[in-house]
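J.: Pasting start27.txt below, which is compact mmCIF, C-alpha atoms.
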```txt
# COMPACT_ATOMS: atom_id res chain seq x y z
CA MET A 1 28.47 -30.53 46.73
CA ASN A 2 25.01 -29.27 46.61
CA THR A 3 23.10 -30.59 43.59
CA SER A 4 19.70 -29.12 44.35
CA PRO A 5 19.00 -25.96 42.39
CA GLU A 6 18.45 -22.91 44.52
CA PRO A 7 16.64 -19.79 43.44
CA ALA A 8 19.12 -17.19 42.25
CA GLY A 9 17.00 -14.28 43.29
CA GLN A 10 14.07 -12.63 41.60
CA GLN A 11 13.95 -12.94 37.87
CA ARG A 12 12.45 -10.22 35.78
CA THR A 13 9.67 -11.94 33.96
CA ARG A 14 6.82 -10.13 32.32
CA PRO A 15 3.33 -11.37 32.93
CA PRO A 16 1.81 -13.04 29.87
CA LEU A 17 0.07 -10.64 27.52
CA SER A 18 -3.67 -10.82 27.06
CA GLU A 19 -5.15 -11.33 23.60
CA ALA A 20 -6.13 -7.66 23.42
CA ALA A 21 -2.59 -6.58 24.30
CA LYS A 22 -1.16 -8.92 21.68
CA ALA A 23 -3.55 -7.55 19.05
CA SER A 24 -2.67 -3.97 20.01
CA LEU A 25 1.05 -4.72 19.81
CA ALA A 26 0.62 -6.37 16.40
CA LYS A 27 -1.33 -3.35 15.14
CA THR A 28 1.36 -0.99 16.40
CA HIS A 29 4.10 -3.01 14.69
CA THR A 30 2.14 -3.08 11.42
CA LEU A 31 1.63 0.69 11.58
CA PHE A 32 5.33 1.15 12.32
CA ARG A 33 6.31 -0.94 9.28
CA MET A 34 3.98 1.10 7.07
CA PHE A 35 5.46 4.29 8.53
CA VAL A 36 9.04 3.22 7.81
CA ILE A 37 8.14 2.23 4.25
CA SER A 38 6.41 5.56 3.59
CA VAL A 39 9.34 7.58 4.97
CA LEU A 40 11.92 5.64 2.98
CA GLY A 41 9.67 5.63 -0.08
CA ALA A 42 9.30 9.41 0.00
CA PHE A 43 13.06 9.84 0.28
CA PHE A 44 13.90 7.43 -2.55
CA VAL A 45 11.18 8.72 -4.89
CA TYR A 46 12.53 12.25 -4.44
CA GLN A 47 16.03 11.01 -5.26
CA LEU A 48 14.75 9.17 -8.32
CA ASP A 49 13.32 12.12 -10.23
CA VAL A 50 12.05 15.54 -9.25
CA ASN A 51 9.17 15.13 -11.73
CA TYR A 52 7.63 12.74 -9.18
CA LEU A 53 7.37 15.51 -6.59
CA TRP A 54 3.62 14.86 -6.31
CA LEU A 55 4.25 11.24 -5.28
CA THR A 56 6.89 12.37 -2.80
CA GLY A 57 4.34 14.78 -1.32
CA ILE A 58 1.73 12.04 -0.97
CA LEU A 59 4.19 9.64 0.68
CA THR A 60 5.44 12.37 3.02
CA ALA A 61 1.88 13.31 4.02
CA ALA A 62 1.17 9.63 4.70
CA SER A 63 4.32 9.32 6.79
CA VAL A 64 3.42 12.39 8.85
CA ALA A 65 -0.09 11.03 9.47
CA LEU A 66 1.16 7.53 10.36
CA GLY A 67 3.93 8.99 12.52
CA THR A 68 1.44 11.07 14.46
CA VAL A 69 -0.82 8.05 15.04
CA LEU A 70 2.16 5.96 16.13
CA LEU A 71 3.45 8.67 18.44
CA VAL A 72 0.08 8.87 20.17
CA ARG A 73 -0.18 5.04 20.42
CA ALA A 74 3.36 4.66 21.72
CA ALA A 75 2.92 7.39 24.32
CA LYS A 76 -0.58 6.37 25.39
CA LEU A 77 -0.21 2.59 25.43
CA LYS A 78 3.50 2.48 26.36
CA GLU A 79 4.02 -0.51 24.11
CA SER A 80 7.57 -0.23 22.85
CA ARG A 81 10.41 2.19 23.47
CA LEU A 82 12.01 1.23 20.14
CA VAL A 83 8.82 2.17 18.27
CA LEU A 84 8.74 5.50 20.08
CA ILE A 85 12.36 6.33 19.22
CA GLY A 86 11.92 5.14 15.64
CA THR A 87 8.77 7.20 15.23
CA ILE A 88 10.40 10.36 16.52
CA SER A 89 13.37 9.83 14.19
CA GLY A 90 11.07 9.18 11.25
CA LEU A 91 9.03 12.28 12.00
CA VAL A 92 12.22 14.36 11.98
CA VAL A 93 13.07 12.95 8.54
CA SER A 94 9.48 13.66 7.41
CA ALA A 95 9.74 17.27 8.61
CA ILE A 96 12.95 17.70 6.62
CA MET A 97 11.22 16.16 3.60
CA VAL A 98 8.33 18.63 3.95
CA LEU A 99 10.81 21.53 3.84
CA LEU A 100 12.63 19.96 0.90
CA ILE A 101 9.36 19.48 -1.00
CA LEU A 102 8.33 23.09 -0.40
CA VAL A 103 11.67 24.47 -1.59
CA THR A 104 11.65 22.19 -4.61
CA ALA A 105 8.10 23.22 -5.48
CA VAL A 106 9.08 26.90 -5.38
CA PHE A 107 12.17 26.35 -7.57
CA PHE A 108 10.81 23.41 -9.58
CA ASN A 109 12.13 24.43 -13.01
CA GLU A 110 15.60 25.23 -11.69
CA VAL A 111 15.85 21.93 -9.80
CA ARG A 112 14.56 19.97 -12.81
CA GLN A 113 17.16 21.61 -15.09
CA TYR A 114 19.91 20.89 -12.55
CA GLN A 115 18.87 17.26 -12.23
CA ALA A 116 18.84 16.86 -16.02
CA CYS A 117 22.26 18.53 -16.30
CA VAL A 118 23.78 16.29 -13.62
CA GLY A 119 22.28 13.25 -15.32
CA ARG A 120 24.22 14.12 -18.50
CA ALA A 121 27.42 15.12 -16.70
CA LEU A 122 30.13 12.50 -16.92
CA THR A 123 32.99 14.29 -15.18
CA ASP A 124 33.45 16.24 -11.96
CA GLN A 125 34.08 19.34 -14.03
CA ALA A 126 30.74 18.93 -15.81
CA GLN A 127 28.95 18.44 -12.48
CA SER A 128 30.61 21.58 -11.18
CA ALA A 129 29.38 23.46 -14.24
CA CYS A 130 25.85 22.22 -13.48
CA ARG A 131 26.15 23.51 -9.91
CA VAL A 132 27.31 26.91 -11.18
CA GLN A 133 24.39 26.97 -13.63
CA LEU A 134 21.96 26.24 -10.78
CA GLU A 135 23.46 28.94 -8.58
CA SER A 136 23.23 31.51 -11.37
CA SER A 137 19.57 30.63 -12.05
CA LEU A 138 18.49 31.18 -8.42
CA PRO A 139 17.45 34.63 -7.16
CA GLY A 140 20.24 36.69 -5.53
CA GLN A 141 19.27 36.12 -1.89
CA PHE A 142 19.50 32.30 -2.28
CA ARG A 143 23.03 32.17 -3.73
```
Using the file provided, produce a representation of the structure as structure tokens.
T.:
Amino acid sequence: MNTSPEPAGQQRTRPPLSEAAKASLAKTHTLFRMFVISVLGAFFVYQLDVNYLWLTGILTAASVALGTVLLVRAAKLKESRLVLIGTISGLVVSAIMVLLILVTAVFFNEVRQYQACVGRALTDQAQSACRVQLESSLPGQFR
């Protein structure tokens, strides 16, 4: 039996990070956390009440700005593949939120009436009646 340890080949070890690299990585992770919170915040505020459309717009604008900064940092500094994928996914959600905000702003009164109707509806039949009411209040090309 051989009891002396032998090298098992090359191990993939990363060189230790410098202080500047650690600081850059920490900044990127902090920006990513802020980005995720702004994307999720915009989505949940929109779901809460359409009267807070202004807050949804602010959070969505912040998420687009943070996402753009993160995308540039992740591509330029090549810090984390997970941050890059998460940022791209978040920017897709932010783009959808921008479209949703624009459509809601155009049809604000109709959406507000629908949301109030659904809030009072207790049965599936009542919710269906709210949907029919919304469809009848929209212009013909959007039905």
J.: With 9 Å as the cut-off and all atoms listed in the file counted, what is the closest atom pair between each nearby residue of region 13-56 of chain A and region 105-112 of chain A? Distances in Å to one decimal, ordered by chain and number, as JSON lines.
T.:
```
{"residue": "A:Asp49", "atom": "CA", "partner": "A:Arg112", "partner_atom": "CA", "distance": 8.4}
{"residue": "A:Val50", "atom": "CA", "partner": "A:Arg112", "partner_atom": "CA", "distance": 6.2}
{"residue": "A:Asn51", "atom": "CA", "partner": "A:Arg112", "partner_atom": "CA", "distance": 7.3}
{"residue": "A:Leu53", "atom": "CA", "partner": "A:Ala105", "partner_atom": "CA", "distance": 7.8}
```
J.: Would you mind listing what lies within 12 Å of Val36 (chain A) as a VMD selection string, with all atoms listed in the file counted and same-chain residues fewer than 4 positions away left out?
T.: chain A and resid 29 to 32 40 to 43 59 to 60 62 to 64 66 to 67 70 83 86 to 91 93 to 94
J.: Output C-alpha atoms for every residue in that selection, as a compact mmCIF listing (two decimals), keeping the file's coordinate frame.
T.:
```
# COMPACT_ATOMS: atom_id res chain seq x y z
CA HIS A 29 4.10 -3.01 14.69
CA THR A 30 2.14 -3.08 11.42
CA LEU A 31 1.63 0.69 11.58
CA PHE A 32 5.33 1.15 12.32
CA LEU A 40 11.92 5.64 2.98
CA GLY A 41 9.67 5.63 -0.08
CA ALA A 42 9.30 9.41 0.00
CA PHE A 43 13.06 9.84 0.28
CA LEU A 59 4.19 9.64 0.68
CA THR A 60 5.44 12.37 3.02
CA ALA A 62 1.17 9.63 4.70
CA SER A 63 4.32 9.32 6.79
CA VAL A 64 3.42 12.39 8.85
CA LEU A 66 1.16 7.53 10.36
CA GLY A 67 3.93 8.99 12.52
CA LEU A 70 2.16 5.96 16.13
CA VAL A 83 8.82 2.17 18.27
CA GLY A 86 11.92 5.14 15.64
CA THR A 87 8.77 7.20 15.23
CA ILE A 88 10.40 10.36 16.52
CA SER A 89 13.37 9.83 14.19
CA GLY A 90 11.07 9.18 11.25
CA LEU A 91 9.03 12.28 12.00
CA VAL A 93 13.07 12.95 8.54
CA SER A 94 9.48 13.66 7.41
```
J.: When distances are computed from all atoms listed in the file, which of A:Phe35, A:Tyr46, A:Gln125, A:Lys27 shows the smallest separation from Met97 (chain A)?
T.: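 Closest candidate: A:Tyr46.
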J.: Point out the residue among A:Ala65, A:Leu48, A:Ala75, A:Ile101 with the least atom-to-atom distance to Gln115 (chain A), counting all atoms listed in the file.
T.: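 Answer, going by the shortest atom-to-atom distance: A:Leu48.
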J.: Point out the residue among A:Arg120, A:Lys78, A:Val92, A:Tyr114 with the least atom-to-atom distance to Ser137 (chain A), counting all atoms listed in the file.
T.: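 Closest residue, counting all atoms listed in the file: A:Tyr114.
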J.: In Å, with one decimal, what is the gap from CA of Val98 (chain A) to CA of Val39 (chain A)?
T.: 11.1 Å
J.: Just give me the residues with any atom within 9 Å of (25.6, 24.7, -16.7), file coordinates, counting all atoms listed in the file, written as a list of chain:residue names.
T.: A:Tyr114, A:Cys117, A:Ala126, A:Gln127, A:Ser128, A:Ala129, A:Cys130, A:Arg131, A:Val132, A:Gln133, A:Leu134, A:Ser136
